[in-house]
Amino acid sequence: MSPRDQLSQREIQVATMVWEGKTNPEIAIVLGSTEQVVKNLLRRIFDKLGVWSRLELALYLASHGGARWAADQEPATRSTALPAAFVARTA
């Protein structure tokens, strides 16, 4: 079993968004969740993949076909652009 197969769809989605350079607050908005939930998901992803940081996670995805991870996601779970309300608040 590949390490990717150990991750849930939600964990794959979060890992892919980290690889894309999204921050925890941005990921939380896409998921419709809180930053704490994102942190918990990242901890589980780190444990499952044997990495220690967001940087290591991004490098892991890059070296294991990061673009394929994003393409393999089901359309309903694919990350989307940030909602206009968030962009307006942060501009």
# chains A, B, ... in the order shown; residues from 1 in each chain; ligands from 1
>>> residues_around(residues="segment 65-67 of chain A", least_positions_apart="6", cutoff="9 Å", atoms="only C-alpha atoms", output="list in words")
Thr16, Trp19, Glu20, Ala58 and Leu59 of chain A
>>> write_last_selection(atoms="all heavy atoms", output="PDB file, in the first residue's frame")
ATOM      1  N   THR A  16      -2.885  18.372  -0.592  1.00  0.00           N
ATOM      2  CA  THR A  16      -2.761  19.001  -1.902  1.00  0.00           C
ATOM      3  C   THR A  16      -2.813  20.520  -1.792  1.00  0.00           C
ATOM      4  O   THR A  16      -2.046  21.222  -2.458  1.00  0.00           O
ATOM      5  CB  THR A  16      -3.876  18.491  -2.844  1.00  0.00           C
ATOM      6  OG1 THR A  16      -3.775  17.072  -2.947  1.00  0.00           O
ATOM      7  CG2 THR A  16      -3.743  19.091  -4.230  1.00  0.00           C
ATOM      8  N   TRP A  19       0.474  21.742  -0.635  1.00  0.00           N
ATOM      9  CA  TRP A  19       1.398  21.694  -1.771  1.00  0.00           C
ATOM     10  C   TRP A  19       1.166  22.882  -2.712  1.00  0.00           C
ATOM     11  O   TRP A  19       2.104  23.428  -3.280  1.00  0.00           O
ATOM     12  CB  TRP A  19       1.229  20.366  -2.504  1.00  0.00           C
ATOM     13  CG  TRP A  19       1.994  20.254  -3.775  1.00  0.00           C
ATOM     14  CD1 TRP A  19       3.345  20.113  -3.912  1.00  0.00           C
ATOM     15  CD2 TRP A  19       1.466  20.268  -5.101  1.00  0.00           C
ATOM     16  NE1 TRP A  19       3.683  20.031  -5.241  1.00  0.00           N
ATOM     17  CE2 TRP A  19       2.548  20.128  -5.994  1.00  0.00           C
ATOM     18  CE3 TRP A  19       0.185  20.375  -5.620  1.00  0.00           C
ATOM     19  CZ2 TRP A  19       2.380  20.097  -7.364  1.00  0.00           C
ATOM     20  CZ3 TRP A  19       0.015  20.347  -6.983  1.00  0.00           C
ATOM     21  CH2 TRP A  19       1.104  20.207  -7.851  1.00  0.00           C
ATOM     22  N   GLU A  20      -0.105  23.315  -2.833  1.00  0.00           N
ATOM     23  CA  GLU A  20      -0.444  24.456  -3.684  1.00  0.00           C
ATOM     24  C   GLU A  20      -0.072  25.790  -3.037  1.00  0.00           C
ATOM     25  O   GLU A  20      -0.165  26.835  -3.664  1.00  0.00           O
ATOM     26  CB  GLU A  20      -1.937  24.456  -3.998  1.00  0.00           C
ATOM     27  CG  GLU A  20      -2.365  23.304  -4.881  1.00  0.00           C
ATOM     28  CD  GLU A  20      -3.876  23.159  -4.992  1.00  0.00           C
ATOM     29  OE1 GLU A  20      -4.616  23.749  -4.159  1.00  0.00           O
ATOM     30  OE2 GLU A  20      -4.322  22.458  -5.906  1.00  0.00           O
ATOM     31  N   ALA A  58       4.954  19.417   1.538  1.00  0.00           N
ATOM     32  CA  ALA A  58       4.942  19.934   0.170  1.00  0.00           C
ATOM     33  C   ALA A  58       6.021  19.268  -0.677  1.00  0.00           C
ATOM     34  O   ALA A  58       5.778  18.890  -1.837  1.00  0.00           O
ATOM     35  CB  ALA A  58       5.124  21.449   0.180  1.00  0.00           C
ATOM     36  N   LEU A  59       7.210  19.093  -0.116  1.00  0.00           N
ATOM     37  CA  LEU A  59       8.290  18.425  -0.848  1.00  0.00           C
ATOM     38  C   LEU A  59       7.963  16.960  -1.106  1.00  0.00           C
ATOM     39  O   LEU A  59       8.269  16.424  -2.173  1.00  0.00           O
ATOM     40  CB  LEU A  59       9.614  18.548  -0.080  1.00  0.00           C
ATOM     41  CG  LEU A  59      10.192  19.962   0.002  1.00  0.00           C
ATOM     42  CD1 LEU A  59      11.386  19.997   0.952  1.00  0.00           C
ATOM     43  CD2 LEU A  59      10.579  20.460  -1.380  1.00  0.00           C
TER      44      LEU A  59
END
>>> closest_atom_pairs(of="segment 17-82 of chain A", to="segment 4-11 of chain A", cutoff="7 Å", atoms="only C-alpha atoms", output="tab-separated table")
residue	atom	partner	partner_atom	distance
A:Leu41	CA	A:Glu11	CA	6.4
A:Ile45	CA	A:Glu11	CA	6.4
A:Lys48	CA	A:Gln6	CA	6.9
>>> write_last_selection(atoms="N, CA, C and O atoms", output="mmCIF file, in the first residue's frame")
data_model
loop_
_atom_site.group_PDB
_atom_site.id
_atom_site.type_symbol
_atom_site.label_atom_id
_atom_site.label_comp_id
_atom_site.auth_asym_id
_atom_site.auth_seq_id
_atom_site.Cartn_x
_atom_site.Cartn_y
_atom_site.Cartn_z
ATOM 1 N N LEU A 41 -5.918 17.789 11.132
ATOM 2 C CA LEU A 41 -5.752 17.005 9.910
ATOM 3 C C LEU A 41 -4.279 16.954 9.505
ATOM 4 O O LEU A 41 -3.766 15.898 9.116
ATOM 5 N N ILE A 45 -1.850 13.751 8.914
ATOM 6 C CA ILE A 45 -1.147 13.574 7.635
ATOM 7 C C ILE A 45 0.343 13.418 7.883
ATOM 8 O O ILE A 45 0.992 12.531 7.314
ATOM 9 N N LYS A 48 1.073 9.954 9.236
ATOM 10 C CA LYS A 48 0.892 8.895 8.247
ATOM 11 C C LYS A 48 1.990 8.893 7.192
ATOM 12 O O LYS A 48 2.404 7.832 6.723
#
>>> atom_distance(atom1="atom CA of Ser63 of chain A", atom2="atom CA of Gly32 of chain A")
28.8 Å
>>> atom_distance(atom1="atom CA of Phe46 of chain A", atom2="atom CA of Ala15 of chain A")
9.4 Å
>>> residues_around(residues="Pro25 of chain A", least_positions_apart="2", cutoff="12 Å", atoms="only C-alpha atoms", output="JSON, numbers by chain")
{"A": [14, 17, 18, 21, 22, 23, 27, 28, 29, 30, 31, 32, 33, 34, 35, 36, 37, 38, 39, 82, 86, 87, 90]}
